[in-house]
>>> print(open('entry.cif').read())   # mmCIF, C-alpha atoms
data_final
loop_
_atom_site.group_PDB
_atom_site.id
_atom_site.type_symbol
_atom_site.label_atom_id
_atom_site.label_comp_id
_atom_site.auth_asym_id
_atom_site.auth_seq_id
_atom_site.Cartn_x
_atom_site.Cartn_y
_atom_site.Cartn_z
ATOM 1 C CA MET Q 412 -25.259 0.417 -58.257
ATOM 2 C CA GLU Q 413 -22.036 0.125 -56.280
ATOM 3 C CA THR Q 414 -18.776 0.648 -58.079
ATOM 4 C CA ALA Q 415 -15.762 -1.474 -57.286
ATOM 5 C CA THR Q 416 -12.943 0.327 -55.512
ATOM 6 C CA ALA Q 417 -9.747 0.314 -57.483
ATOM 7 C CA HIS Q 418 -6.753 -1.049 -55.629
ATOM 8 C CA PRO Q 419 -3.225 -0.148 -56.681
ATOM 9 C CA VAL Q 420 -1.431 -3.014 -58.263
ATOM 10 C CA ARG Q 421 1.908 -3.739 -56.669
ATOM 11 C CA ARG Q 422 4.544 -4.356 -59.238
ATOM 12 C CA ALA Q 423 7.174 -6.984 -58.608
ATOM 13 C CA ARG Q 424 10.486 -5.647 -57.441
ATOM 14 C CA ARG Q 425 13.163 -5.695 -60.082
ATOM 15 C CA PRO Q 426 16.856 -6.096 -59.389
ATOM 16 C CA ASP Q 427 17.266 -2.402 -60.198
ATOM 17 C CA ASP Q 428 15.065 -1.546 -57.177
ATOM 18 C CA VAL Q 429 17.675 -2.835 -54.754
ATOM 19 C CA ALA Q 430 19.105 -0.027 -52.655
ATOM 20 C CA PRO Q 431 22.527 1.122 -53.826
ATOM 21 C CA ALA Q 432 23.926 0.468 -50.364
ATOM 22 C CA VAL Q 433 23.704 -3.302 -50.883
ATOM 23 C CA GLN Q 434 25.112 -3.275 -54.390
ATOM 24 C CA PRO Q 435 28.718 -3.574 -53.183
ATOM 25 C CA ALA Q 436 27.776 -6.668 -51.186
ATOM 26 C CA ARG Q 437 26.211 -8.249 -54.271
ATOM 27 C CA ARG Q 438 29.227 -7.341 -56.336
ATOM 28 C CA ALA Q 439 31.474 -8.837 -53.676
ATOM 29 C CA ARG Q 440 29.914 -12.250 -54.292
ATOM 30 C CA ARG Q 441 30.574 -12.407 -58.014
ATOM 31 C CA PRO Q 442 31.415 -15.964 -59.117
ATOM 32 C CA ASP Q 443 34.692 -14.949 -60.770
ATOM 33 C CA ASP Q 444 36.151 -13.465 -57.582
ATOM 34 C CA THR Q 445 37.676 -16.782 -56.500
ATOM 35 C CA ALA Q 446 39.357 -17.129 -59.858
ATOM 36 C CA ARG Q 447 40.636 -13.568 -59.721
ATOM 37 C CA PHE Q 448 42.028 -13.984 -56.208
ATOM 38 C CA SER Q 449 43.636 -17.278 -57.222
ATOM 39 C CA ALA Q 450 45.228 -15.541 -60.186
ATOM 40 C CA TYR Q 451 46.531 -12.757 -57.975
ATOM 41 C CA CYS Q 452 47.977 -15.217 -55.445
ATOM 42 C CA ARG Q 453 49.761 -16.906 -58.311
ATOM 43 C CA ASP Q 454 50.945 -13.943 -60.417
ATOM 44 C CA ARG Q 455 50.854 -10.944 -58.061
ATOM 45 C CA ASP Q 456 49.687 -8.789 -60.936
ATOM 46 C CA ARG Q 457 49.453 -5.176 -59.706
ATOM 47 C CA ARG Q 458 46.699 -4.291 -62.174
ATOM 48 C CA LEU Q 459 44.582 -7.174 -60.922
ATOM 49 C CA ARG Q 460 45.220 -6.069 -57.353
ATOM 50 C CA ASP Q 461 44.053 -2.566 -58.217
ATOM 51 C CA GLU Q 462 40.880 -3.978 -59.781
ATOM 52 C CA LEU Q 463 40.128 -6.022 -56.659
ATOM 53 C CA PHE Q 464 40.826 -2.992 -54.488
ATOM 54 C CA ALA Q 465 38.394 -0.838 -56.478
ATOM 55 C CA ASP Q 466 35.700 -3.542 -56.411
ATOM 56 C CA TYR Q 467 35.896 -4.030 -52.632
ATOM 57 C CA LEU Q 468 36.524 -0.406 -51.650
ATOM 58 C CA PRO Q 469 32.818 0.089 -50.747
ATOM 59 C CA LEU Q 470 33.264 -2.695 -48.177
ATOM 60 C CA ALA Q 471 36.151 -0.808 -46.592
ATOM 61 C CA GLU Q 472 34.177 2.447 -46.602
ATOM 62 C CA SER Q 473 31.288 0.679 -44.880
ATOM 63 C CA CYS Q 474 33.636 -0.458 -42.106
ATOM 64 C CA ALA Q 475 35.060 3.054 -41.749
ATOM 65 C CA ARG Q 476 31.603 4.592 -41.353
ATOM 66 C CA ARG Q 477 31.095 2.601 -38.153
ATOM 67 C CA TYR Q 478 33.794 4.695 -36.507
ATOM 68 C CA ARG Q 479 32.665 8.141 -37.594
ATOM 69 C CA ARG Q 480 32.160 10.950 -35.058
ATOM 70 C CA ARG Q 481 34.836 9.593 -32.741
ATOM 71 C CA GLY Q 482 37.265 12.467 -33.097
ATOM 72 C CA GLU Q 483 39.074 11.352 -36.265
ATOM 73 C CA PRO Q 484 38.577 13.015 -39.696
ATOM 74 C CA ASP Q 485 36.522 10.949 -42.142
ATOM 75 C CA ASP Q 486 39.284 11.134 -44.753
ATOM 76 C CA ASP Q 487 41.778 9.616 -42.313
ATOM 77 C CA LEU Q 488 39.376 6.797 -41.473
ATOM 78 C CA MET Q 489 38.824 6.059 -45.173
ATOM 79 C CA GLN Q 490 42.576 5.925 -45.774
ATOM 80 C CA VAL Q 491 43.130 3.577 -42.842
ATOM 81 C CA ALA Q 492 40.269 1.357 -44.004
ATOM 82 C CA GLY Q 493 41.772 1.318 -47.500
ATOM 83 C CA LEU Q 494 45.102 0.240 -46.016
ATOM 84 C CA GLY Q 495 43.329 -2.571 -44.178
ATOM 85 C CA LEU Q 496 41.634 -3.649 -47.412
ATOM 86 C CA LEU Q 497 44.987 -3.696 -49.209
ATOM 87 C CA LYS Q 498 46.485 -5.873 -46.476
ATOM 88 C CA ALA Q 499 43.495 -8.227 -46.718
ATOM 89 C CA ILE Q 500 43.973 -8.574 -50.484
ATOM 90 C CA GLU Q 501 47.686 -9.285 -50.048
ATOM 91 C CA ARG Q 502 47.137 -11.919 -47.335
ATOM 92 C CA TYR Q 503 43.960 -13.616 -48.555
ATOM 93 C CA ASP Q 504 44.286 -17.216 -49.734
ATOM 94 C CA PRO Q 505 41.177 -18.482 -51.587
ATOM 95 C CA ALA Q 506 42.419 -22.057 -51.259
ATOM 96 C CA ARG Q 507 41.289 -22.018 -47.619
ATOM 97 C CA GLY Q 508 37.681 -21.828 -48.739
ATOM 98 C CA THR Q 509 36.811 -18.660 -46.826
ATOM 99 C CA CYS Q 510 34.793 -15.899 -48.494
ATOM 100 C CA PHE Q 511 36.959 -12.827 -49.023
ATOM 101 C CA SER Q 512 34.529 -10.440 -47.349
ATOM 102 C CA SER Q 513 34.503 -12.645 -44.224
ATOM 103 C CA TYR Q 514 38.281 -12.409 -44.142
ATOM 104 C CA ALA Q 515 38.528 -8.738 -45.106
ATOM 105 C CA VAL Q 516 36.110 -7.205 -42.580
ATOM 106 C CA PRO Q 517 38.060 -8.267 -39.434
ATOM 107 C CA THR Q 518 41.304 -7.175 -41.106
ATOM 108 C CA ILE Q 519 39.915 -3.731 -41.984
ATOM 109 C CA VAL Q 520 38.287 -3.225 -38.590
ATOM 110 C CA GLY Q 521 41.478 -4.293 -36.835
ATOM 111 C CA GLU Q 522 43.468 -1.745 -38.824
ATOM 112 C CA ILE Q 523 41.018 1.019 -37.868
ATOM 113 C CA GLN Q 524 41.152 0.037 -34.200
ATOM 114 C CA ARG Q 525 44.957 0.047 -34.266
ATOM 115 C CA HIS Q 526 44.818 3.542 -35.733
ATOM 116 C CA PHE Q 527 42.640 4.735 -32.854
ATOM 117 C CA ARG Q 528 44.843 2.967 -30.336
ATOM 118 C CA ASP Q 529 48.178 4.255 -31.643
ATOM 119 C CA HIS Q 530 47.381 7.658 -33.140
ATOM 120 C CA GLY Q 531 44.171 8.923 -31.581
ATOM 121 C CA TRP Q 532 45.536 9.874 -28.173
ATOM 122 C CA THR Q 533 46.693 13.271 -26.990
ATOM 123 C CA VAL Q 534 48.117 11.632 -23.849
ATOM 124 C CA ARG Q 535 48.774 7.948 -24.472
ATOM 125 C CA PRO Q 536 47.721 5.615 -21.637
ATOM 126 C CA PRO Q 537 48.957 2.001 -21.338
ATOM 127 C CA ARG Q 538 47.932 -0.247 -24.220
ATOM 128 C CA GLY Q 539 45.709 -2.398 -22.000
ATOM 129 C CA LEU Q 540 43.757 0.673 -20.987
ATOM 130 C CA GLN Q 541 43.540 1.806 -24.615
ATOM 131 C CA GLU Q 542 41.945 -1.527 -25.544
ATOM 132 C CA GLU Q 543 39.577 -1.211 -22.571
ATOM 133 C CA VAL Q 544 38.482 2.184 -23.873
ATOM 134 C CA LEU Q 545 37.658 0.687 -27.286
ATOM 135 C CA ARG Q 546 35.709 -2.164 -25.677
ATOM 136 C CA THR Q 547 33.645 0.129 -23.480
ATOM 137 C CA GLU Q 548 32.969 2.444 -26.429
ATOM 138 C CA ARG Q 549 31.700 -0.451 -28.575
ATOM 139 C CA GLU Q 550 29.486 -1.679 -25.742
ATOM 140 C CA ARG Q 551 28.175 1.841 -25.162
ATOM 141 C CA VAL Q 552 27.191 2.162 -28.831
ATOM 142 C CA ASN Q 553 25.518 -1.267 -28.758
ATOM 143 C CA LEU Q 554 23.536 -0.349 -25.645
ATOM 144 C CA ILE Q 555 22.459 2.977 -27.140
ATOM 145 C CA THR Q 556 21.090 1.094 -30.156
ATOM 146 C CA ARG Q 557 19.306 -1.423 -27.944
ATOM 147 C CA LEU Q 558 18.023 0.873 -25.193
ATOM 148 C CA GLY Q 559 17.479 4.051 -27.174
ATOM 149 C CA ARG Q 560 19.336 6.136 -24.571
ATOM 150 C CA GLU Q 561 22.766 6.705 -23.088
ATOM 151 C CA PRO Q 562 23.634 3.683 -20.896
ATOM 152 C CA THR Q 563 24.865 4.014 -17.344
ATOM 153 C CA ALA Q 564 28.288 2.854 -16.214
ATOM 154 C CA VAL Q 565 26.618 -0.040 -14.380
ATOM 155 C CA GLU Q 566 24.918 -1.240 -17.589
ATOM 156 C CA VAL Q 567 28.158 -1.020 -19.581
ATOM 157 C CA ALA Q 568 30.033 -2.901 -16.861
ATOM 158 C CA ALA Q 569 27.375 -5.626 -16.782
ATOM 159 C CA GLY Q 570 27.525 -6.023 -20.559
ATOM 160 C CA LEU Q 571 31.302 -6.444 -20.547
ATOM 161 C CA GLY Q 572 31.580 -8.403 -17.318
ATOM 162 C CA ILE Q 573 33.923 -5.881 -15.714
ATOM 163 C CA SER Q 574 33.679 -3.618 -12.691
ATOM 164 C CA VAL Q 575 32.102 -0.187 -12.687
ATOM 165 C CA GLU Q 576 35.471 1.255 -11.622
ATOM 166 C CA ASP Q 577 37.043 -0.150 -14.808
ATOM 167 C CA VAL Q 578 34.349 1.512 -16.918
ATOM 168 C CA LEU Q 579 34.849 4.848 -15.171
ATOM 169 C CA GLU Q 580 38.620 4.582 -15.612
ATOM 170 C CA ALA Q 581 38.149 3.873 -19.331
ATOM 171 C CA ARG Q 582 35.843 6.876 -19.681
ATOM 172 C CA GLU Q 583 38.405 9.092 -17.982
ATOM 173 C CA ALA Q 584 41.153 7.800 -20.262
ATOM 174 C CA ALA Q 585 38.943 8.376 -23.314
ATOM 175 C CA ARG Q 586 39.114 12.102 -22.666
ATOM 176 C CA ALA Q 587 42.775 11.979 -23.657
ATOM 177 C CA ARG Q 588 41.655 11.168 -27.197
ATOM 178 C CA GLY Q 589 40.057 14.560 -27.666
ATOM 179 C CA ARG Q 590 42.203 16.957 -29.675
ATOM 180 C CA THR Q 591 41.003 20.507 -30.142
ATOM 181 C CA SER Q 592 42.746 23.039 -32.328
ATOM 182 C CA PRO Q 593 43.721 26.327 -30.629
ATOM 183 C CA ASP Q 594 41.967 28.050 -33.539
ATOM 184 C CA ALA Q 595 38.651 26.289 -32.863
ATOM 185 C CA PRO Q 596 35.868 28.808 -32.080
ATOM 186 C CA LEU Q 597 34.283 28.848 -28.655
ATOM 187 C CA GLY Q 598 30.829 29.203 -30.173
ATOM 188 C CA GLY Q 599 29.901 32.553 -28.659
ATOM 189 C CA GLU Q 600 28.786 35.730 -30.350
ATOM 190 C CA ASP Q 601 32.340 37.054 -30.668
ATOM 191 C CA ASP Q 602 35.275 35.565 -32.557
ATOM 192 C CA ALA Q 603 36.984 34.100 -29.480
ATOM 193 C CA THR Q 604 38.890 30.843 -29.952
ATOM 194 C CA VAL Q 605 40.157 28.112 -27.649
ATOM 195 C CA GLY Q 606 43.618 29.666 -27.838
ATOM 196 C CA ASP Q 607 42.281 32.809 -26.167
ATOM 197 C CA LEU Q 608 41.748 30.766 -22.996
ATOM 198 C CA VAL Q 609 45.416 29.787 -22.811
ATOM 199 C CA GLY Q 610 47.310 32.132 -20.510
ATOM 200 C CA ASP Q 611 50.583 33.815 -21.425
ATOM 201 C CA VAL Q 612 53.759 33.461 -19.388
ATOM 202 C CA ASP Q 613 53.748 36.113 -16.678
ATOM 203 C CA ILE Q 614 57.230 37.638 -16.565
ATOM 204 C CA GLY Q 615 56.488 38.786 -13.020
ATOM 205 C CA PHE Q 616 57.075 35.233 -11.780
ATOM 206 C CA ALA Q 617 60.798 35.692 -12.389
ATOM 207 C CA ASN Q 618 60.828 38.622 -9.921
ATOM 208 C CA ILE Q 619 58.892 36.954 -7.102
ATOM 209 C CA ASP Q 620 61.966 36.142 -5.002
ATOM 210 C CA THR Q 621 63.315 39.681 -5.376
ATOM 211 C CA ALA Q 622 59.923 41.191 -4.511
ATOM 212 C CA LEU Q 623 59.650 39.064 -1.376
ATOM 213 C CA MET Q 624 63.153 40.019 -0.292
ATOM 214 C CA ALA Q 625 62.443 43.713 -0.925
ATOM 215 C CA ALA Q 626 59.261 43.511 1.145
ATOM 216 C CA SER Q 627 61.202 42.009 4.022
ATOM 217 C CA LEU Q 628 63.765 44.842 3.803
ATOM 218 C CA VAL Q 629 61.060 47.523 3.736
ATOM 219 C CA ALA Q 630 59.558 45.977 6.867
ATOM 220 C CA THR Q 631 62.781 46.856 8.766
ATOM 221 C CA LEU Q 632 62.407 50.592 8.102
ATOM 222 C CA PRO Q 633 61.047 52.955 10.729
ATOM 223 C CA GLU Q 634 57.282 53.288 10.517
ATOM 224 C CA ARG Q 635 57.243 56.789 9.026
ATOM 225 C CA GLU Q 636 59.756 55.891 6.294
ATOM 226 C CA ARG Q 637 57.910 52.630 5.615
ATOM 227 C CA VAL Q 638 54.656 54.560 5.083
ATOM 228 C CA ILE Q 639 56.345 57.016 2.714
ATOM 229 C CA VAL Q 640 57.942 54.215 0.628
ATOM 230 C CA ASN Q 641 54.611 52.404 0.452
ATOM 231 C CA LEU Q 642 52.694 55.518 -0.638
ATOM 232 C CA ARG Q 643 55.344 56.482 -3.190
ATOM 233 C CA PHE Q 644 55.958 53.155 -4.909
ATOM 234 C CA HIS Q 645 52.832 51.074 -4.228
ATOM 235 C CA HIS Q 646 50.225 53.801 -4.506
ATOM 236 C CA GLU Q 647 52.289 55.941 -6.920
ATOM 237 C CA MET Q 648 51.547 59.168 -5.043
ATOM 238 C CA THR Q 649 53.613 62.312 -5.589
ATOM 239 C CA GLN Q 650 55.756 63.740 -2.808
ATOM 240 C CA GLN Q 651 53.321 66.639 -2.447
ATOM 241 C CA GLU Q 652 50.378 64.229 -2.059
ATOM 242 C CA ILE Q 653 52.325 62.202 0.503
ATOM 243 C CA GLY Q 654 53.089 65.375 2.463
ATOM 244 C CA LYS Q 655 49.401 66.234 2.627
ATOM 245 C CA ARG Q 656 48.588 62.665 3.681
ATOM 246 C CA ILE Q 657 51.071 62.469 6.584
ATOM 247 C CA GLY Q 658 51.089 66.192 7.487
ATOM 248 C CA CYS Q 659 54.535 67.430 6.501
ATOM 249 C CA SER Q 660 56.170 69.460 3.725
ATOM 250 C CA GLN Q 661 57.278 68.089 0.367
ATOM 251 C CA MET Q 662 60.911 68.829 1.274
ATOM 252 C CA GLN Q 663 60.619 66.721 4.417
ATOM 253 C CA VAL Q 664 59.059 63.870 2.390
ATOM 254 C CA SER Q 665 61.910 64.080 -0.136
ATOM 255 C CA ARG Q 666 64.515 63.929 2.630
ATOM 256 C CA MET Q 667 62.891 60.963 4.419
ATOM 257 C CA LEU Q 668 62.401 59.113 1.135
ATOM 258 C CA ARG Q 669 66.062 59.586 0.209
ATOM 259 C CA THR Q 670 67.140 58.337 3.626
ATOM 260 C CA ALA Q 671 64.892 55.290 3.362
ATOM 261 C CA LEU Q 672 66.155 54.386 -0.120
ATOM 262 C CA THR Q 673 69.790 54.758 0.954
ATOM 263 C CA ARG Q 674 69.142 52.424 3.897
ATOM 264 C CA LEU Q 675 67.354 49.900 1.649
ATOM 265 C CA HIS Q 676 70.196 49.970 -0.864
ATOM 266 C CA ALA Q 677 72.755 49.214 1.828
ATOM 267 C CA GLN Q 678 70.667 46.327 3.174
ATOM 268 C CA ALA Q 679 70.195 45.011 -0.381
ATOM 269 C CA LEU Q 680 73.955 44.950 -0.877
ATOM 270 C CA ASP Q 681 74.354 42.923 2.290
ATOM 271 C CA ALA Q 682 71.585 40.544 1.157
ATOM 272 C CA GLY Q 683 73.183 39.973 -2.242
ATOM 273 C CA LEU Q 684 70.552 41.835 -4.292
ATOM 274 C CA THR Q 685 73.031 44.015 -6.166
ATOM 275 C CA ALA Q 686 71.974 42.499 -9.531
ATOM 276 C CA ALA Q 687 68.336 43.293 -8.798
ATOM 277 C CA ALA Q 688 69.220 46.797 -7.663
#
>>> encode(input="entry.cif", output="structure tokens")
Amino acid sequence: METATAHPVRRARRPDDVAPAVQPARRARRPDDTARFSAYCRDRDRRLRDELFADYLPLAESCARRYRRRGEPDDDLMQVAGLGLLKAIERYDPARGTCFSSYAVPTIVGEIQRHFRDHGWTVRPPRGLQEEVLRTERERVNLITRLGREPTAVEVAAGLGISVEDVLEAREAARARGRTSPDAPLGGEDDATVGDLVGDVDIGFANIDTALMAASLVATLPERERVIVNLRFHHEMTQQEIGKRIGCSQMQVSRMLRTALTRLHAQALDAGLTAAA
């Protein structure tokens, strides 16, 4: 005799089953919100404003999360979004018949975009180009969601109705928004940081003119003296080593070196290199 297969009974979803992420949206539509906003417009009660701010803060945080991983700390984004929410509360007029969330979201997003435009640049390009960067970035994110891959410059340009050159210019300008700490690690096996790649000031640059002038003076010496000066000061050879190299005694090397230096000193005086000497 066949036995009936038991099927799990699906229970009806209760309000408690709703994901927490949508709870702020439900709370934002409470029927007494219009009355509370009307009361705040009338009385400007700071405690009521703080209550409204706390109730709608999840809405601001939701707007801020859209702009994560764009080079700005999450805490800064949350603060900017909170500032936008506060401005929305101060400016909202329920008598116009508009839902507060519909008014608040553009205000919050606009505040975040102004933050990126005014404070997120290491080298600040013209404002029109800054706005173009934000537009191309939004379109890039939309295309990634739709296509499931990184879009090409041609696809971004087609979506915005602009030229490919404009997209490439915006991408180049976007690099100015990157800010890396000198203490940031390079990611290798050692403890090297970005600051290790920054060169120090070479004090030798200050002596370039003098070195070039000295080289031109040495070039006027007789060949034998020029060789001795070069071996002594460029190759740091001793007088005995120089004598073995050119086939003469150390005393002869000392005499020729002294003669060469005396001649160079006189020429340096004539050339105005007394300070360097």
>>> atom_distance(input="entry.cif", atom1="CA of Arg643 (chain Q)", atom2="CA of Met662 (chain Q)")
14.3 Å
>>> residues_around(input="entry.cif", residues="region 648-652 of chain Q", least_positions_apart="6", cutoff="10 Å", atoms="all atoms listed in the file", output="PyMOL selection string")
chain Q and resi 639-642+658-665+668
>>> closest_residue(input="entry.cif", among="Q:Met489, Q:Ile519, Q:Ala506, Q:Ala564", to="Ala450 (chain Q)", atoms="all atoms listed in the file")
Q:Ala506
>>> closest_residue(input="entry.cif", among="Q:Glu522, Q:Glu472, Q:Glu501, Q:Glu583", to="Leu540 (chain Q)", atoms="only C-alpha atoms")
Q:Glu583
>>> atom_distance(input="entry.cif", atom1="CA of Ser513 (chain Q)", atom2="CA of Gly493 (chain Q)")
16.1 Å
>>> atom_distance(input="entry.cif", atom1="CA of Phe527 (chain Q)", atom2="CA of Asn553 (chain Q)")
18.6 Å
>>> resolve_selection(input="entry.cif", expression="the PyMOL selection byres ((chain Q and resi 504) around 10)", output="JSON, numbers by chain")
{"Q": [445, 448, 449, 451, 452, 499, 500, 501, 502, 503, 505, 506, 507, 508, 509, 510, 511, 514]}
>>> resolve_selection(input="entry.cif", expression="the PyMOL selection byres ((chain Q and resi 470) around 9)", output="VMD selection string")
chain Q and resid 435 to 436 439 466 to 469 471 to 475 496 512 515 to 516
>>> resolve_selection(input="entry.cif", expression="the PyMOL selection byres ((chain Q and resi 568-577) around 9)", output="PyMOL selection string")
chain Q and resi 543+546-547+550+554+563-567+578-582
>>> closest_residue(input="entry.cif", among="Q:Arg457, Q:Glu636, Q:Arg477, Q:Phe464", to="Asp444 (chain Q)", atoms="all atoms listed in the file")
Q:Phe464
>>> residues_around(input="entry.cif", residues="Ala625 (chain Q)", least_positions_apart="3", cutoff="9 Å", atoms="only C-alpha atoms", output="list in words")
Asp620, Thr621, Ala622, Leu628, Val629, Ala630, Leu675, Ala679 and Leu684 of chain Q
>>> decode(input="entry.cif", residues="region 497-521 of chain Q", atoms="N, CA and C atoms", output="short mmCIF file (atom, residue, chain, number, x, y, z; two decimals), in the first residue's frame")
data_model
loop_
_atom_site.label_atom_id
_atom_site.label_comp_id
_atom_site.auth_asym_id
_atom_site.auth_seq_id
_atom_site.Cartn_x
_atom_site.Cartn_y
_atom_site.Cartn_z
N LEU Q 497 19.85 66.52 7.82
CA LEU Q 497 19.49 67.66 8.67
C LEU Q 497 19.00 68.84 7.84
N LYS Q 498 19.66 69.09 6.71
CA LYS Q 498 19.19 70.17 5.83
C LYS Q 498 17.81 69.86 5.28
N ALA Q 499 17.56 68.58 4.94
CA ALA Q 499 16.24 68.20 4.42
C ALA Q 499 15.16 68.43 5.46
N ILE Q 500 15.45 68.08 6.72
CA ILE Q 500 14.47 68.30 7.79
C ILE Q 500 14.18 69.79 7.96
N GLU Q 501 15.23 70.60 7.91
CA GLU Q 501 15.06 72.04 8.11
C GLU Q 501 14.26 72.68 6.97
N ARG Q 502 14.40 72.16 5.75
CA ARG Q 502 13.79 72.81 4.59
C ARG Q 502 12.46 72.20 4.17
N TYR Q 503 12.14 71.03 4.69
CA TYR Q 503 10.94 70.32 4.24
C TYR Q 503 9.67 71.03 4.70
N ASP Q 504 8.72 71.15 3.79
CA ASP Q 504 7.42 71.75 4.08
C ASP Q 504 6.34 70.73 3.75
N PRO Q 505 5.71 70.11 4.76
CA PRO Q 505 4.69 69.09 4.48
C PRO Q 505 3.45 69.66 3.79
N ALA Q 506 3.27 70.96 3.84
CA ALA Q 506 2.09 71.55 3.22
C ALA Q 506 2.11 71.40 1.71
N ARG Q 507 3.28 71.12 1.13
CA ARG Q 507 3.36 70.95 -0.32
C ARG Q 507 2.88 69.59 -0.78
N GLY Q 508 2.63 68.70 0.16
CA GLY Q 508 2.07 67.40 -0.19
C GLY Q 508 3.06 66.37 -0.67
N THR Q 509 4.34 66.64 -0.55
CA THR Q 509 5.38 65.71 -0.99
C THR Q 509 5.81 64.84 0.18
N CYS Q 510 5.99 63.55 -0.05
CA CYS Q 510 6.49 62.65 0.98
C CYS Q 510 7.90 63.08 1.38
N PHE Q 511 8.20 63.01 2.67
CA PHE Q 511 9.51 63.49 3.12
C PHE Q 511 10.65 62.72 2.50
N SER Q 512 10.52 61.39 2.41
CA SER Q 512 11.62 60.61 1.85
C SER Q 512 11.89 60.99 0.41
N SER Q 513 10.85 61.33 -0.36
CA SER Q 513 11.04 61.76 -1.75
C SER Q 513 11.78 63.09 -1.83
N TYR Q 514 11.60 63.91 -0.80
CA TYR Q 514 12.31 65.18 -0.75
C TYR Q 514 13.72 65.01 -0.19
N ALA Q 515 13.86 64.11 0.78
CA ALA Q 515 15.13 63.99 1.50
C ALA Q 515 16.21 63.32 0.66
N VAL Q 516 15.85 62.28 -0.11
CA VAL Q 516 16.87 61.52 -0.84
C VAL Q 516 17.66 62.41 -1.80
N PRO Q 517 17.02 63.23 -2.66
CA PRO Q 517 17.83 64.10 -3.53
C PRO Q 517 18.68 65.10 -2.75
N THR Q 518 18.17 65.56 -1.61
CA THR Q 518 18.95 66.50 -0.80
C THR Q 518 20.18 65.83 -0.23
N ILE Q 519 20.04 64.61 0.28
CA ILE Q 519 21.16 63.88 0.87
C ILE Q 519 22.18 63.53 -0.21
N VAL Q 520 21.70 63.01 -1.33
CA VAL Q 520 22.60 62.62 -2.41
C VAL Q 520 23.34 63.84 -2.95
N GLY Q 521 22.66 64.96 -3.07
CA GLY Q 521 23.30 66.18 -3.54
C GLY Q 521 24.40 66.64 -2.60
#
